[in-house]
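**Q** Handing you this structure, nothing more for now.
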Amino acid sequence: MNSTRSLRSSPAFERFVLDQLAELGPVTSRKMFGGVGVYCGNAFFAIIARDELYLKVDAETRGDYEGAGMHAFRPFVDRPPSKTYCCVPLGVLESGPELVEWARKAVAVAAGGGGTRTASRGRSRSGPGQQ
């Protein structure tokens with residue numbers, strides 16, 4: 001089994017994701033291991049790989065992705081998937097405001113504050129995109 005499948009994404013997909021996240025704040029990207037790491041300030045909260053966006057999750061937010069039928073990031077086919085990054089549902093990816101809401105939770109997880117950081121802004125603790 002080939003464990004070295006490329007993580008490369010198209011430049012157009014990377015630009016699309018960064019455009020969708022513009023309202024999040026100071027979002028930057030950096031090439032890493034063939035994929036792209038996405039940062040908000042100093043918080044590494046997302047990975048772009050194989051034209052998919054994966055957001056950082058914790059025990060509290062992982063269920064939202066699993067409930068939507070999404071898979072965990074798996075950089076190598078012969079190794080277990082990541083427990084800390086999950087693929088974003090297409091409907092969320094295509095909705096800038098909804099993606100920013102999900103991304104805020106991922107930034108909070110990456111910053112060590114857990115996925116409920118946006119709850120202080122009047123959002124539900126039940127998960128991204130749910131009120």
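Starting from 1 in every chain, residues are counted up; chains themselves are A, B, ... following the order of the structure tokens, and ligands are numbered from 1 as listed.
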Which region 70-103 of chain A residues have any atom within 12 Å of an atom of region 18-33 of chain A, and for each, what is the nearest pair of atoms with distance in Å to one decimal, counting only C-alpha atoms, rows sorted by chain and number, as JSON lines?
**A**
```
{"residue": "A:Pro75", "atom": "CA", "partner": "A:Phe33", "partner_atom": "CA", "distance": 9.6}
{"residue": "A:Phe76", "atom": "CA", "partner": "A:Phe33", "partner_atom": "CA", "distance": 11.7}
{"residue": "A:Val92", "atom": "CA", "partner": "A:Gln20", "partner_atom": "CA", "distance": 10.1}
{"residue": "A:Leu93", "atom": "CA", "partner": "A:Gln20", "partner_atom": "CA", "distance": 7.7}
{"residue": "A:Glu94", "atom": "CA", "partner": "A:Gln20", "partner_atom": "CA", "distance": 7.8}
{"residue": "A:Ser95", "atom": "CA", "partner": "A:Gln20", "partner_atom": "CA", "distance": 7.6}
{"residue": "A:Gly96", "atom": "CA", "partner": "A:Gln20", "partner_atom": "CA", "distance": 4.7}
{"residue": "A:Pro97", "atom": "CA", "partner": "A:Glu23", "partner_atom": "CA", "distance": 7.9}
{"residue": "A:Glu98", "atom": "CA", "partner": "A:Gln20", "partner_atom": "CA", "distance": 9.5}
{"residue": "A:Leu99", "atom": "CA", "partner": "A:Leu21", "partner_atom": "CA", "distance": 7.0}
{"residue": "A:Val100", "atom": "CA", "partner": "A:Leu24", "partner_atom": "CA", "distance": 5.7}
{"residue": "A:Glu101", "atom": "CA", "partner": "A:Leu24", "partner_atom": "CA", "distance": 8.3}
{"residue": "A:Trp102", "atom": "CA", "partner": "A:Leu24", "partner_atom": "CA", "distance": 10.1}
{"residue": "A:Ala103", "atom": "CA", "partner": "A:Leu24", "partner_atom": "CA", "distance": 7.6}
```
**Q** Please produce an output containing C-alpha atoms for each residue in the selection, written as a PDB file, in the first residue's frame.
**A**
```pdb
ATOM      1  CA  PRO A  75      -2.144  11.863   5.765  1.00  0.00           C
ATOM      2  CA  PHE A  76      -0.938   8.287   5.276  1.00  0.00           C
ATOM      3  CA  VAL A  92     -20.264  24.545   5.557  1.00  0.00           C
ATOM      4  CA  LEU A  93     -17.257  25.114   3.295  1.00  0.00           C
ATOM      5  CA  GLU A  94     -19.455  26.850   0.717  1.00  0.00           C
ATOM      6  CA  SER A  95     -21.071  29.185   3.283  1.00  0.00           C
ATOM      7  CA  GLY A  96     -18.552  31.815   4.382  1.00  0.00           C
ATOM      8  CA  PRO A  97     -20.452  32.844   7.542  1.00  0.00           C
ATOM      9  CA  GLU A  98     -21.034  29.253   8.630  1.00  0.00           C
ATOM     10  CA  LEU A  99     -17.435  28.273   7.905  1.00  0.00           C
ATOM     11  CA  VAL A 100     -16.202  31.194   9.997  1.00  0.00           C
ATOM     12  CA  GLU A 101     -18.416  30.008  12.873  1.00  0.00           C
ATOM     13  CA  TRP A 102     -16.951  26.490  12.691  1.00  0.00           C
ATOM     14  CA  ALA A 103     -13.437  27.925  12.293  1.00  0.00           C
TER      15      ALA A 103
END
```
**Q** I'd like the interatomic distance between CA of Lys56 (chain A) and CA of Val107 (chain A), to a tenth of an Å.
**A**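 Between CA of Lys56 (chain A) and CA of Val107 (chain A) the gap is 7.4 Å.
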**Q** Applying 7 Å and only C-alpha atoms, which residues near Arg50 (chain A) remain after dropping the ones on its own chain fewer than 5 positions away? List them as a list of chain:residue names.
**A**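 Neighbouring residues, sequence-local ones excluded: A:Leu7, A:Arg8, A:Ser9.
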